[in-house]
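Chemist: What follows is the file data.cif, containing mmCIF, C-alpha atoms:
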```
data_final
loop_
_atom_site.label_atom_id
_atom_site.label_comp_id
_atom_site.auth_asym_id
_atom_site.auth_seq_id
_atom_site.Cartn_x
_atom_site.Cartn_y
_atom_site.Cartn_z
CA MET A 13 181.19 -27.18 -1.90
CA PRO A 14 180.03 -26.48 -5.47
CA ARG A 15 176.59 -27.94 -6.17
CA ARG A 16 177.65 -29.45 -9.51
CA GLN A 17 180.32 -31.68 -7.95
CA SER A 18 179.66 -34.58 -5.60
CA PHE A 19 182.92 -35.96 -4.20
CA ASP A 20 183.47 -39.28 -2.48
CA THR A 21 185.26 -37.80 0.52
CA ARG A 22 185.95 -41.30 1.86
CA VAL A 23 188.70 -41.57 -0.78
CA PRO A 24 191.80 -39.67 0.40
CA THR A 25 194.51 -38.35 -1.89
CA VAL A 26 198.28 -38.62 -1.74
CA LEU A 27 200.19 -35.95 -3.67
CA VAL A 28 203.51 -37.35 -4.88
CA ARG A 29 206.50 -35.19 -5.81
CA LEU A 30 210.06 -36.49 -5.78
CA ASP A 31 211.58 -33.29 -7.21
CA ARG A 32 213.33 -31.47 -4.35
CA ASN A 33 211.84 -28.06 -5.01
CA PRO A 34 210.44 -26.15 -2.00
CA PHE A 35 208.95 -23.52 -4.34
CA HIS A 36 206.66 -25.91 -6.24
CA HIS A 37 203.37 -24.02 -5.94
CA GLY A 38 201.43 -26.67 -7.87
CA THR A 39 201.64 -29.00 -4.86
CA LEU A 40 200.05 -26.35 -2.66
CA GLY A 41 197.38 -25.71 -5.29
CA ALA A 42 196.43 -29.39 -5.36
CA ALA A 43 196.26 -29.58 -1.54
CA ARG A 44 193.99 -26.53 -1.39
CA SER A 45 191.77 -27.60 -4.27
CA LEU A 46 190.99 -31.05 -2.88
CA GLY A 47 191.10 -30.02 0.78
CA ARG A 48 188.50 -27.31 0.24
CA ALA A 49 186.21 -29.99 -1.20
CA GLY A 50 186.48 -31.95 2.06
CA ILE A 51 188.85 -34.60 0.68
CA PRO A 52 191.64 -35.72 3.05
CA VAL A 53 194.99 -34.79 1.47
CA HIS A 54 198.43 -36.20 2.30
CA ALA A 55 201.72 -35.50 0.52
CA VAL A 56 205.10 -37.01 -0.26
CA ILE A 57 207.44 -34.03 -0.70
CA GLU A 58 211.08 -33.00 -0.27
CA SER A 59 210.83 -32.11 3.41
CA THR A 60 208.32 -32.00 6.22
CA THR A 61 209.44 -28.39 6.80
CA SER A 62 208.56 -27.36 3.23
CA PRO A 63 206.29 -24.28 2.94
CA VAL A 64 203.62 -26.57 1.47
CA SER A 65 203.51 -28.57 4.70
CA ARG A 66 202.16 -25.46 6.49
CA SER A 67 198.86 -25.64 4.62
CA ARG A 68 195.78 -26.20 6.75
CA TYR A 69 194.45 -28.45 3.97
CA LEU A 70 197.28 -30.97 4.26
CA ARG A 71 196.60 -33.76 6.76
CA SER A 72 200.20 -35.06 6.73
CA ALA A 73 203.49 -34.63 4.89
CA ARG A 74 206.13 -37.30 4.48
CA THR A 75 209.62 -37.11 3.04
CA GLY A 76 210.15 -39.05 -0.16
CA PRO A 77 212.66 -41.90 -0.49
CA PRO A 78 216.35 -40.87 -0.53
CA THR A 79 216.64 -41.92 -4.19
CA PRO A 80 213.86 -41.60 -6.79
CA SER A 81 213.40 -45.36 -7.05
CA SER A 82 210.01 -46.67 -8.14
CA VAL A 83 210.43 -49.65 -5.81
CA ALA A 84 211.15 -47.44 -2.80
CA LEU A 85 208.28 -45.13 -3.72
CA THR A 86 205.88 -48.08 -4.01
CA GLU A 87 206.87 -49.36 -0.57
CA LEU A 88 206.40 -45.89 0.92
CA LEU A 89 202.98 -45.42 -0.68
CA VAL A 90 201.77 -48.81 0.56
CA ARG A 91 202.81 -47.86 4.10
CA ILE A 92 200.99 -44.55 3.77
CA ALA A 93 197.85 -46.29 2.49
CA ASP A 94 197.96 -48.66 5.47
CA GLU A 95 198.21 -45.73 7.87
CA ILE A 96 195.51 -43.49 6.43
CA SER A 97 193.05 -46.34 5.84
CA HIS A 98 192.69 -46.85 9.59
CA ASP A 99 191.23 -44.59 12.22
CA ILE A 100 192.88 -43.66 15.52
CA ASP A 101 191.74 -46.87 17.20
CA GLY A 102 193.25 -48.95 14.43
CA ARG A 103 189.90 -49.89 12.96
CA VAL A 104 189.03 -49.60 9.29
CA PRO A 105 186.30 -46.96 8.80
CA ASP A 106 182.95 -48.30 7.54
CA GLY A 107 184.31 -51.83 7.90
CA ALA A 108 186.17 -51.68 4.57
CA SER A 109 189.44 -50.29 3.31
CA HIS A 110 188.89 -47.51 0.80
CA PRO A 111 191.31 -46.97 -2.06
CA VAL A 112 193.60 -43.94 -2.17
CA LEU A 113 194.00 -41.58 -5.12
CA ALA A 114 197.65 -40.88 -6.02
CA ILE A 115 198.43 -37.72 -7.99
CA PRO A 116 201.99 -37.23 -9.33
CA LEU A 117 203.18 -33.64 -9.52
CA ASP A 118 206.44 -34.10 -11.40
CA ASP A 119 207.56 -36.26 -14.32
CA VAL A 120 209.67 -38.70 -12.32
CA SER A 121 206.73 -39.44 -10.01
CA ALA A 122 204.35 -39.89 -12.94
CA LEU A 123 206.73 -42.36 -14.59
CA ALA A 124 207.33 -44.24 -11.33
CA LEU A 125 203.61 -44.62 -10.66
CA ALA A 126 202.94 -45.79 -14.22
CA ARG A 127 205.81 -48.32 -13.95
CA ARG A 128 204.34 -49.79 -10.74
CA ARG A 129 200.67 -49.40 -11.59
CA ALA A 130 199.97 -53.15 -11.50
CA GLU A 131 201.46 -53.44 -8.02
CA LEU A 132 199.72 -50.34 -6.67
CA SER A 133 196.25 -51.34 -7.90
CA PRO A 134 193.69 -51.76 -6.43
CA ARG A 135 195.02 -50.01 -3.30
CA PHE A 136 195.56 -46.86 -5.37
CA LEU A 137 193.43 -45.19 -8.00
CA LEU A 138 195.55 -44.27 -11.04
CA PRO A 139 194.79 -43.38 -14.68
CA GLU A 140 195.28 -46.11 -17.27
CA GLN A 141 198.84 -45.21 -18.24
CA THR A 142 201.98 -47.17 -18.96
CA GLU A 143 205.52 -45.97 -18.58
CA LYS A 144 206.08 -46.53 -22.30
CA GLN A 145 203.15 -44.27 -23.17
CA LEU A 146 204.36 -41.50 -20.89
CA LEU A 147 207.93 -41.67 -22.20
CA ARG A 148 206.64 -40.88 -25.70
CA VAL A 149 205.94 -37.35 -24.48
CA ALA A 150 207.94 -36.87 -21.27
CA ASP A 151 211.26 -37.74 -22.94
CA LYS A 152 212.13 -34.62 -24.96
CA ALA A 153 213.83 -36.57 -27.75
CA ALA A 154 210.88 -38.97 -27.99
CA LEU A 155 208.47 -36.01 -28.08
CA ALA A 156 210.22 -34.65 -31.17
CA THR A 157 209.83 -38.05 -32.85
CA THR A 158 206.17 -38.26 -31.78
CA CYS A 159 205.41 -34.81 -33.22
CA ALA A 160 207.16 -35.67 -36.49
CA ALA A 161 205.16 -38.90 -36.81
CA LEU A 162 201.86 -37.08 -36.17
CA GLY A 163 202.67 -34.03 -38.28
CA LEU A 164 202.42 -31.66 -35.31
CA PRO A 165 204.59 -28.51 -35.54
CA HIS A 166 207.64 -28.79 -33.30
CA PRO A 167 210.93 -26.83 -33.29
CA ARG A 168 213.61 -28.36 -35.52
CA THR A 169 215.51 -30.75 -33.28
CA GLU A 170 218.91 -32.45 -33.54
CA LEU A 171 220.39 -35.26 -31.43
CA PRO A 172 224.19 -35.10 -31.55
CA THR A 173 226.39 -38.12 -30.81
CA GLY A 174 229.62 -36.20 -30.22
CA ALA A 175 230.90 -32.76 -29.24
CA ASP A 176 232.00 -31.84 -32.77
CA GLU A 177 228.70 -33.01 -34.22
CA ALA A 178 226.87 -30.98 -31.56
CA ALA A 179 228.77 -27.85 -32.62
CA ALA A 180 228.05 -28.53 -36.30
CA MET A 181 224.34 -29.06 -35.59
CA ALA A 182 224.14 -25.88 -33.53
CA TRP A 183 225.78 -23.98 -36.38
CA SER A 184 223.24 -25.45 -38.81
CA LEU A 185 220.27 -24.60 -36.58
CA GLY A 186 221.59 -21.06 -36.10
CA LEU A 187 222.92 -19.67 -32.85
CA PRO A 188 221.56 -19.16 -30.26
CA VAL A 189 219.91 -22.56 -29.86
CA VAL A 190 217.90 -24.26 -27.14
CA ALA A 191 219.71 -27.12 -25.39
CA LYS A 192 217.64 -29.69 -23.50
CA TRP A 193 218.36 -32.89 -21.66
CA SER A 194 216.00 -35.54 -22.97
CA ARG A 195 215.18 -36.89 -19.50
CA PRO A 196 215.58 -33.93 -17.13
CA TRP A 197 214.38 -35.91 -14.11
CA LEU A 198 217.73 -37.74 -14.20
CA LEU A 199 219.77 -34.56 -13.69
CA PRO A 200 221.86 -34.64 -10.51
CA ALA A 201 220.99 -32.07 -7.86
CA GLY A 202 223.40 -29.28 -7.05
CA ARG A 203 225.57 -29.66 -10.16
CA GLY A 204 224.40 -26.55 -12.00
CA LEU A 205 222.74 -28.44 -14.87
CA ARG A 206 219.40 -27.04 -16.01
CA SER A 207 216.79 -29.01 -17.92
CA THR A 208 216.67 -26.30 -20.60
CA ALA A 209 219.20 -23.63 -21.50
CA ILE A 210 219.85 -21.18 -24.30
CA VAL A 211 223.40 -21.52 -25.61
CA ARG A 212 224.95 -18.74 -27.65
CA SER A 213 228.33 -20.06 -28.79
CA LEU A 214 229.85 -23.25 -30.12
CA ALA A 215 232.14 -23.39 -27.10
CA GLU A 216 229.09 -23.52 -24.81
CA VAL A 217 227.60 -26.30 -26.92
CA ARG A 218 230.77 -28.40 -26.68
CA GLU A 219 231.08 -27.80 -22.94
CA LEU A 220 227.47 -28.79 -22.36
CA TYR A 221 227.75 -31.93 -24.47
CA ALA A 222 230.82 -32.98 -22.47
CA ARG A 223 228.56 -33.20 -19.41
CA THR A 224 226.30 -35.85 -20.98
CA PRO A 225 227.55 -38.71 -18.74
CA GLU A 226 226.87 -36.52 -15.71
CA ALA A 227 223.39 -35.56 -16.94
CA GLY A 228 222.26 -39.15 -17.37
CA SER A 229 220.41 -38.66 -20.67
CA ARG A 230 220.99 -37.39 -24.21
CA LEU A 231 221.49 -33.75 -25.09
CA LEU A 232 219.24 -32.40 -27.82
CA LEU A 233 219.50 -29.10 -29.64
CA GLN A 234 216.49 -27.18 -30.88
CA GLU A 235 215.89 -24.21 -33.09
CA LEU A 236 215.07 -21.18 -30.96
CA LEU A 237 211.72 -19.76 -31.99
CA PRO A 238 211.70 -15.98 -31.46
CA ALA A 239 210.10 -14.82 -28.21
CA GLY A 240 207.68 -11.93 -28.14
CA ARG A 241 204.36 -10.62 -27.00
CA ASP A 242 201.41 -13.05 -26.99
CA LEU A 243 203.46 -15.96 -28.36
CA ASP A 244 203.59 -18.40 -25.42
CA TRP A 245 200.51 -20.50 -24.72
CA PHE A 246 199.64 -23.57 -22.70
CA PHE A 247 196.88 -26.15 -22.48
CA HIS A 248 195.85 -28.01 -19.33
CA GLY A 249 193.37 -30.85 -19.42
CA TYR A 250 192.12 -34.06 -17.90
CA VAL A 251 191.22 -37.01 -20.11
CA ASP A 252 188.81 -39.31 -18.31
CA SER A 253 188.63 -43.09 -18.32
CA ALA A 254 186.39 -43.03 -21.41
CA GLY A 255 188.85 -40.87 -23.36
CA ARG A 256 186.89 -37.62 -23.06
CA CYS A 257 188.66 -34.35 -22.31
CA VAL A 258 185.78 -32.52 -20.66
CA THR A 259 188.09 -30.41 -18.50
CA GLY A 260 190.52 -28.58 -20.77
CA ALA A 261 191.45 -24.96 -21.45
CA THR A 262 194.08 -22.68 -22.98
CA GLY A 263 196.04 -19.92 -21.30
CA LEU A 264 198.47 -17.18 -22.26
CA LYS A 265 201.76 -16.55 -20.50
CA GLU A 266 201.82 -12.89 -19.57
CA ARG A 267 205.11 -13.26 -17.72
CA SER A 268 207.58 -16.10 -17.29
CA TRP A 269 210.74 -16.79 -15.35
CA PRO A 270 213.35 -16.78 -16.76
CA ASP A 271 211.86 -14.05 -18.93
CA GLY A 272 210.64 -15.30 -22.29
CA ALA A 273 211.70 -18.92 -21.81
CA GLY A 274 210.71 -20.22 -18.39
CA LEU A 275 207.78 -21.25 -16.23
CA THR A 276 204.59 -19.23 -16.01
CA ALA A 277 204.91 -16.35 -13.54
CA VAL A 278 201.65 -14.68 -14.60
CA GLY A 279 199.06 -16.43 -16.75
CA ARG A 280 195.64 -15.54 -18.10
CA TRP A 281 192.79 -17.85 -19.10
CA THR A 282 192.37 -16.92 -22.76
CA ALA A 283 190.57 -18.73 -25.55
CA ASN A 284 192.80 -19.99 -28.38
CA PRO A 285 190.90 -22.37 -30.68
CA ALA A 286 194.04 -23.34 -32.64
CA VAL A 287 195.98 -24.42 -29.54
CA ASP A 288 192.92 -26.14 -28.07
CA ARG A 289 192.34 -28.10 -31.27
CA ALA A 290 196.01 -29.10 -31.61
CA ALA A 291 196.16 -30.30 -28.01
CA ARG A 292 192.97 -32.34 -28.19
CA GLU A 293 193.94 -33.95 -31.51
CA LEU A 294 197.29 -34.96 -30.00
CA LEU A 295 195.63 -36.45 -26.91
CA ASP A 296 193.26 -38.44 -29.13
CA ALA A 297 196.09 -39.69 -31.34
CA LEU A 298 198.07 -40.83 -28.31
CA GLY A 299 195.09 -42.44 -26.56
CA TYR A 300 196.17 -40.45 -23.54
CA ARG A 301 194.51 -40.74 -20.12
CA GLY A 302 194.97 -38.52 -17.08
CA VAL A 303 196.11 -34.95 -16.46
CA CYS A 304 198.39 -33.14 -18.91
CA ASP A 305 200.17 -29.80 -19.31
CA LEU A 306 201.29 -28.73 -22.81
CA ASP A 307 203.36 -25.67 -23.81
CA PHE A 308 203.13 -24.03 -27.24
CA ARG A 309 204.86 -21.12 -28.95
CA LEU A 310 203.56 -19.28 -32.01
CA ASP A 311 205.95 -18.87 -34.92
CA ARG A 312 204.85 -15.57 -36.42
CA SER A 313 206.63 -16.29 -39.70
CA THR A 314 204.45 -19.34 -40.39
CA GLY A 315 201.45 -18.83 -38.13
CA ALA A 316 201.96 -22.31 -36.66
CA TYR A 317 201.81 -23.15 -32.97
CA HIS A 318 204.78 -25.37 -32.11
CA LEU A 319 204.54 -27.84 -29.25
CA LEU A 320 207.49 -27.17 -26.94
CA ASP A 321 206.75 -29.45 -24.00
CA PHE A 322 204.33 -32.13 -22.80
CA ASN A 323 204.12 -32.83 -19.07
CA PRO A 324 202.10 -35.97 -18.19
CA ARG A 325 200.85 -34.55 -14.87
CA PRO A 326 199.30 -31.33 -13.50
CA GLY A 327 201.20 -28.20 -14.44
CA ALA A 328 202.21 -25.95 -11.56
CA GLN A 329 199.76 -23.26 -12.70
CA PHE A 330 196.76 -25.61 -13.13
CA ARG A 331 194.72 -23.55 -10.65
CA LEU A 332 194.41 -20.85 -13.32
CA PHE A 333 191.77 -23.03 -14.94
CA THR A 334 189.40 -23.18 -11.97
CA ASP A 335 185.91 -22.52 -13.25
CA PRO A 336 183.20 -20.58 -11.35
CA ASP A 337 182.03 -23.84 -9.72
CA GLY A 338 185.53 -24.73 -8.47
CA LEU A 339 186.25 -27.47 -11.03
CA ASP A 340 189.89 -27.96 -12.05
CA VAL A 341 191.93 -30.88 -13.41
CA VAL A 342 192.77 -32.47 -10.05
CA ARG A 343 189.14 -32.35 -8.94
CA ALA A 344 188.14 -33.82 -12.29
CA MET A 345 190.62 -36.65 -11.71
CA HIS A 346 189.21 -37.40 -8.27
CA LEU A 347 185.63 -37.39 -9.56
CA ASP A 348 186.40 -39.63 -12.53
CA LEU A 349 188.53 -42.23 -10.76
CA THR A 350 186.01 -42.55 -7.91
CA GLY A 351 183.22 -43.21 -10.40
CA ARG A 352 181.56 -39.81 -10.14
CA PRO A 353 180.45 -37.78 -13.19
CA VAL A 354 182.71 -34.92 -14.26
CA PRO A 355 180.58 -31.86 -15.10
CA PRO A 356 181.40 -29.71 -18.14
CA HIS A 357 184.10 -27.10 -17.61
CA SER A 358 182.68 -23.57 -17.60
CA PRO A 359 185.06 -21.01 -19.18
CA ALA A 360 186.22 -18.14 -16.99
CA TYR A 361 188.09 -16.05 -19.56
CA GLY A 362 190.18 -13.24 -18.13
CA ARG A 363 190.95 -15.09 -14.90
CA ARG A 364 194.60 -14.61 -13.90
CA PHE A 365 197.10 -16.65 -11.90
CA VAL A 366 200.12 -14.97 -10.30
CA VAL A 367 203.14 -16.73 -8.80
CA GLU A 368 204.31 -14.02 -6.44
CA ASN A 369 208.02 -14.82 -6.16
CA TYR A 370 208.62 -15.44 -9.87
CA ALA A 371 206.37 -12.58 -10.99
CA ALA A 372 208.45 -10.16 -8.89
CA LEU A 373 211.68 -11.35 -10.52
CA SER A 374 210.13 -11.09 -13.99
CA LEU A 375 208.91 -7.57 -13.31
CA LEU A 376 212.32 -6.47 -12.04
CA THR A 377 214.17 -7.80 -15.09
CA SER A 378 211.55 -6.86 -17.69
CA PRO A 379 209.18 -4.10 -16.52
CA ARG A 380 207.47 -3.74 -19.89
CA ARG A 381 204.19 -5.52 -20.51
CA ARG A 382 204.62 -8.94 -22.16
CA TYR A 383 201.08 -9.29 -23.48
CA THR A 384 198.29 -7.44 -25.25
CA ALA A 385 195.47 -6.47 -22.92
CA GLY A 386 192.21 -8.18 -23.86
CA PRO A 387 188.63 -6.96 -23.58
CA ASP A 388 187.13 -6.77 -20.11
CA THR A 389 185.06 -9.74 -19.00
CA VAL A 390 183.13 -10.63 -15.89
CA TRP A 391 186.24 -12.36 -14.54
CA GLU A 392 188.77 -9.78 -15.73
CA ARG A 393 189.64 -8.66 -12.19
CA ARG A 394 189.64 -12.17 -10.66
CA THR A 395 193.18 -13.17 -9.74
CA GLU A 396 194.37 -16.19 -7.79
CA ARG A 397 197.78 -16.12 -6.17
CA ALA A 398 199.91 -19.21 -6.03
CA TRP A 399 201.01 -18.80 -2.42
CA PHE A 400 198.78 -16.38 -0.57
CA ALA A 401 195.18 -17.31 0.24
CA ALA A 402 193.05 -15.62 2.88
CA ASP A 403 191.84 -18.98 4.18
CA ASP A 404 195.36 -20.50 4.19
CA PRO A 405 198.03 -17.78 4.80
CA ALA A 406 200.73 -19.86 6.53
CA PRO A 407 202.36 -21.32 3.35
CA ALA A 408 202.92 -17.82 1.92
CA LEU A 409 204.65 -16.65 5.08
CA ALA A 410 206.83 -19.77 5.15
CA MET A 411 207.66 -19.43 1.46
CA GLY A 412 208.66 -15.78 1.96
CA ARG A 413 211.22 -16.73 4.59
CA VAL A 414 212.66 -19.57 2.50
CA TRP A 415 212.67 -17.39 -0.63
CA LEU A 416 214.60 -14.56 1.04
CA ALA A 417 217.18 -17.05 2.31
CA HIS A 418 217.43 -18.50 -1.20
CA LEU A 419 218.01 -15.08 -2.77
CA LEU A 420 220.59 -14.22 -0.13
CA ARG A 421 222.55 -17.41 -0.87
CA LYS A 422 222.41 -16.62 -4.58
CA ALA A 423 223.65 -13.08 -4.00
CA LEU A 424 226.51 -14.21 -1.75
CA GLY A 425 227.50 -16.89 -4.27
CA ALA A 426 227.55 -14.36 -7.12
CA ALA A 427 229.63 -11.94 -5.03
CA ALA A 428 232.12 -14.68 -4.16
CA ARG A 429 232.49 -15.59 -7.83
CA ARG A 430 233.10 -11.96 -8.80
CA LEU A 431 235.71 -11.60 -6.10
CA GLY A 432 237.31 -14.85 -7.18
CA THR A 433 237.59 -13.85 -10.83
CA GLY A 434 238.96 -10.45 -9.82
CA ARG A 435 241.96 -11.86 -7.92
CA VAL A 436 245.44 -10.98 -9.18
CA LEU A 437 247.22 -14.23 -9.99
CA HIS A 438 250.92 -14.90 -9.54
CA PRO A 439 252.64 -15.18 -12.99
CA ALA A 440 253.39 -18.85 -12.34
CA THR A 441 249.67 -19.59 -12.00
CA LEU A 442 248.50 -17.65 -15.05
CA PRO A 443 247.05 -19.84 -17.80
CA ALA A 444 248.93 -20.11 -21.06
CA PRO A 445 247.61 -17.97 -23.94
CA ALA A 446 244.88 -19.86 -25.76
CA ARG A 447 245.14 -20.47 -29.46
CA THR A 448 242.54 -18.78 -31.62
CA SER A 449 239.76 -21.17 -32.52
CA ARG A 450 236.57 -21.09 -34.54
CA ASP A 451 234.64 -20.83 -31.26
CA GLN A 452 236.48 -17.66 -30.27
CA LEU A 453 235.95 -16.15 -33.70
CA THR A 454 232.26 -16.93 -33.45
CA GLN A 455 232.00 -15.20 -30.10
CA ARG A 456 233.80 -12.13 -31.43
CA CYS A 457 231.40 -11.94 -34.35
CA GLU A 458 228.43 -12.18 -31.98
CA ARG A 459 229.66 -9.16 -30.06
#
```
Take the structure in the file and give it back as structure tokens.
Modeler:
Amino acid sequence: MPRRQSFDTRVPTVLVRLDRNPFHHGTLGAARSLGRAGIPVHAVIESTTSPVSRSRYLRSARTGPPTPSSVALTELLVRIADEISHDIDGRVPDGASHPVLAIPLDDVSALALARRRAELSPRFLLPEQTEKQLLRVADKAALATTCAALGLPHPRTELPTGADEAAAMAWSLGLPVVAKWSRPWLLPAGRGLRSTAIVRSLAEVRELYARTPEAGSRLLLQELLPAGRDLDWFFHGYVDSAGRCVTGATGLKERSWPDGAGLTAVGRWTANPAVDRAARELLDALGYRGVCDLDFRLDRSTGAYHLLDFNPRPGAQFRLFTDPDGLDVVRAMHLDLTGRPVPPHSPAYGRRFVVENYAALSLLTSPRRRYTAGPDTVWERRTERAWFAADDPAPALAMGRVWLAHLLRKALGAAARRLGTGRVLHPATLPAPARTSRDQLTQRCER
């Protein structure tokens, strides 16, 4: 254990993730980070057969409630606390019940825990957050309003109230545009709706808006800032109970998936004073407490860094910012909420974080380098992988099997669709010729 950190290992941790995503490497990172420090780690995840459940650092894994209800989650967490607060003989260790630290790893879990904070305390240690505070940044429409009120650069955003208005707004913003659902945690599973998409025609905009009732939240349209080399940055930090962000750092996306617009597939710890300053000023203005993950993109035409996203919980790539003494944001959270001092974060510039499955897809679709190589540093060759670890190899093997099955299903689905569209239809089943519309003319012009 690092000498600069003294953990209260009597306080176990429950990782909470209601998103049904077996490839969420951030959950595994949190289990390894705290488990290596000797802290008992339990998890609420999508399945007890998830690759994460294979980690040697996870004491137990439980399936989350069937529906992402804050009431159901609270009941489940209380049961878990009752179980892990007792030893095998049913006695409470040390004669007293110790609290449990709960760490949300997706937005819906963070909001649910904030909503039920009064009921969960003092059994659970949680940052001083309210659901209203988190919605100011987690809700994409509210984030745009928050940025406008604080004067923080943010892509131009429109909130349509009808399909025709959505098309008009997209035309005004300039196609292609970014389409987002304001509360992506409400999206139904298995319906093909993505939290963020790039739409390239007015027909796509109208079709997407028509699915608003299905999505469960408002559709917003944003100006698409040009992608390019060295433009995508992120900030991860932990703001302690006194409002200090001792643990905070900036990183550069070297690769993402989908390419140029998705999650970090390869990231590098790189100093960016402008992003660091913007993030810390925002956290101060909000009076924010807890872990955060912010995404920025540089607009070369203005030199401004635009805030694209604010996640009120650990980002999946938070392990990138592990300093030489092992300190990261989840360890900082455990130290702070158990009353231990959080030591200063020591920069490890040049450190890299690679998500094996997504990095491979990014490399296949875009082999060219997506970043400018920086000067060599002591840590230049230090790379941490999201899934494989020499002291914990089982999750990587399990993920590989699940990932191959996932890719096979995708390939078979794509082949079936191609075969379906290539069928020769009987004349009676052929659709009637469509009338020329402005949407069709727009698509022809784009070609």
Chemist: Skip Gly412 of chain A itself and residues of its chain fewer than 2 positions away, then list as a list of chain:residue names all residues within 12 Å of it, counting all atoms listed in the file.
Modeler: A:Pro34, A:Phe35, A:Ser62, A:Pro63, A:Val64, A:Glu368, A:Asn369, A:Tyr370, A:Trp399, A:Phe400, A:Pro405, A:Ala406, A:Pro407, A:Ala408, A:Leu409, A:Ala410, A:Val414, A:Trp415, A:Leu416, A:Ala417, A:His418, A:Leu419
Chemist: I need the residue set behind the PyMOL selection byres ((chain A and resi 66-71) around 12) for this file; please write it as a short mmCIF file (atom, residue, chain, number, x, y, z; two decimals) with C-alpha atoms, keeping the file's coordinate frame.
Modeler:
```
data_model
loop_
_atom_site.label_atom_id
_atom_site.label_comp_id
_atom_site.auth_asym_id
_atom_site.auth_seq_id
_atom_site.Cartn_x
_atom_site.Cartn_y
_atom_site.Cartn_z
CA PRO A 24 191.80 -39.67 0.40
CA THR A 25 194.51 -38.35 -1.89
CA VAL A 26 198.28 -38.62 -1.74
CA LEU A 27 200.19 -35.95 -3.67
CA PRO A 34 210.44 -26.15 -2.00
CA HIS A 37 203.37 -24.02 -5.94
CA THR A 39 201.64 -29.00 -4.86
CA LEU A 40 200.05 -26.35 -2.66
CA GLY A 41 197.38 -25.71 -5.29
CA ALA A 42 196.43 -29.39 -5.36
CA ALA A 43 196.26 -29.58 -1.54
CA ARG A 44 193.99 -26.53 -1.39
CA SER A 45 191.77 -27.60 -4.27
CA LEU A 46 190.99 -31.05 -2.88
CA GLY A 47 191.10 -30.02 0.78
CA ARG A 48 188.50 -27.31 0.24
CA ALA A 49 186.21 -29.99 -1.20
CA GLY A 50 186.48 -31.95 2.06
CA ILE A 51 188.85 -34.60 0.68
CA PRO A 52 191.64 -35.72 3.05
CA VAL A 53 194.99 -34.79 1.47
CA HIS A 54 198.43 -36.20 2.30
CA ALA A 55 201.72 -35.50 0.52
CA VAL A 56 205.10 -37.01 -0.26
CA ILE A 57 207.44 -34.03 -0.70
CA SER A 59 210.83 -32.11 3.41
CA THR A 60 208.32 -32.00 6.22
CA THR A 61 209.44 -28.39 6.80
CA SER A 62 208.56 -27.36 3.23
CA PRO A 63 206.29 -24.28 2.94
CA VAL A 64 203.62 -26.57 1.47
CA SER A 65 203.51 -28.57 4.70
CA SER A 72 200.20 -35.06 6.73
CA ALA A 73 203.49 -34.63 4.89
CA ARG A 74 206.13 -37.30 4.48
CA ILE A 96 195.51 -43.49 6.43
CA TRP A 399 201.01 -18.80 -2.42
CA PHE A 400 198.78 -16.38 -0.57
CA ALA A 401 195.18 -17.31 0.24
CA ALA A 402 193.05 -15.62 2.88
CA ASP A 403 191.84 -18.98 4.18
CA ASP A 404 195.36 -20.50 4.19
CA PRO A 405 198.03 -17.78 4.80
CA ALA A 406 200.73 -19.86 6.53
CA PRO A 407 202.36 -21.32 3.35
CA ALA A 408 202.92 -17.82 1.92
CA LEU A 409 204.65 -16.65 5.08
CA ALA A 410 206.83 -19.77 5.15
CA MET A 411 207.66 -19.43 1.46
#
```
Chemist: Tell me, as a PyMOL selection string, which residues lie within 8 Å of segment 255-262 of chain A, counting only C-alpha atoms; anything in the same chain fewer than 3 positions away does not count.
Modeler: chain A and resi 245-252+281-284+287-288+292+296+299-301+333+340-341+344+354-357+359
Chemist: Any idea what's packed within 12 Å of Arg91 of chain A, counting all atoms listed in the file, ignoring anything in its chain fewer than 3 positions away? Could you give it as a PyMOL selection string?
Modeler: chain A and resi 26+56+74+84-88+94-98+112+132+135-136
Chemist: Rank nothing, just name the residue among A:Asp337, A:Asp20, A:Glu131, A:Glu58 nearest to His36 of chain A, using only C-alpha atoms.
Modeler: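 Of the candidates, the smallest distance to His36 of chain A is held by A:Glu58.
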Chemist: Any idea what the distance is between atom CA of Leu236 of chain A and atom CA of Ala180 of chain A?
Modeler: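 Result for atom CA of Leu236 of chain A versus atom CA of Ala180 of chain A: 15.8 Å, one decimal.
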Chemist: Applied to this file, what does the PyMOL selection byres ((chain A and resi 331) around 8) return in terms of residues, put as a ChimeraX atom specification?
Modeler: /A:38,41,328-330,332-334,340,365,396
Chemist: Pick out the residues sitting within 12 Å of Ser121 of chain A, and hand them over as a ChimeraX atom specification; count only C-alpha atoms, and ignore anything fewer than 2 positions along from it in its own chain.
Modeler: /A:26-32,56-57,76-77,79-86,89,114-119,123-129,143,146,150,197-198,323-326
Chemist: If you measure from atom CA of Asp244 of chain A to atom CA of Leu264 of chain A, what distance in Å do you get, rounded to one decimal?
Modeler: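 For atom CA of Asp244 of chain A relative to atom CA of Leu264 of chain A, the distance reads 6.1 Å.
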Chemist: Have a look at A:Arg223, A:Arg364, A:His318, A:Arg280 and name the one nearest to Leu306 of chain A; count only C-alpha atoms.
Modeler: A:His318
Chemist: Evaluating the PyMOL selection byres ((chain A and resi 205) around 10) on the displayed file yields which residues, as a PyMOL selection string?
Modeler: chain A and resi 193+196+199-204+206-209+220+223+226-227
Chemist: What's the 10 Å shell around Met181 of chain A, counting all atoms listed in the file, without same-chain residues fewer than 3 positions away, as a list of chain:residue names?
Modeler: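 Using all atoms listed in the file, the neighbours found are A:Thr169, A:Glu170, A:Leu171, A:Pro172, A:Ala175, A:Asp176, A:Glu177, A:Ala178, A:Ser184, A:Leu185, A:Gly186, A:Leu187, A:Val189, A:Leu214, A:Val217, A:Leu232, A:Leu233, A:Gln234.
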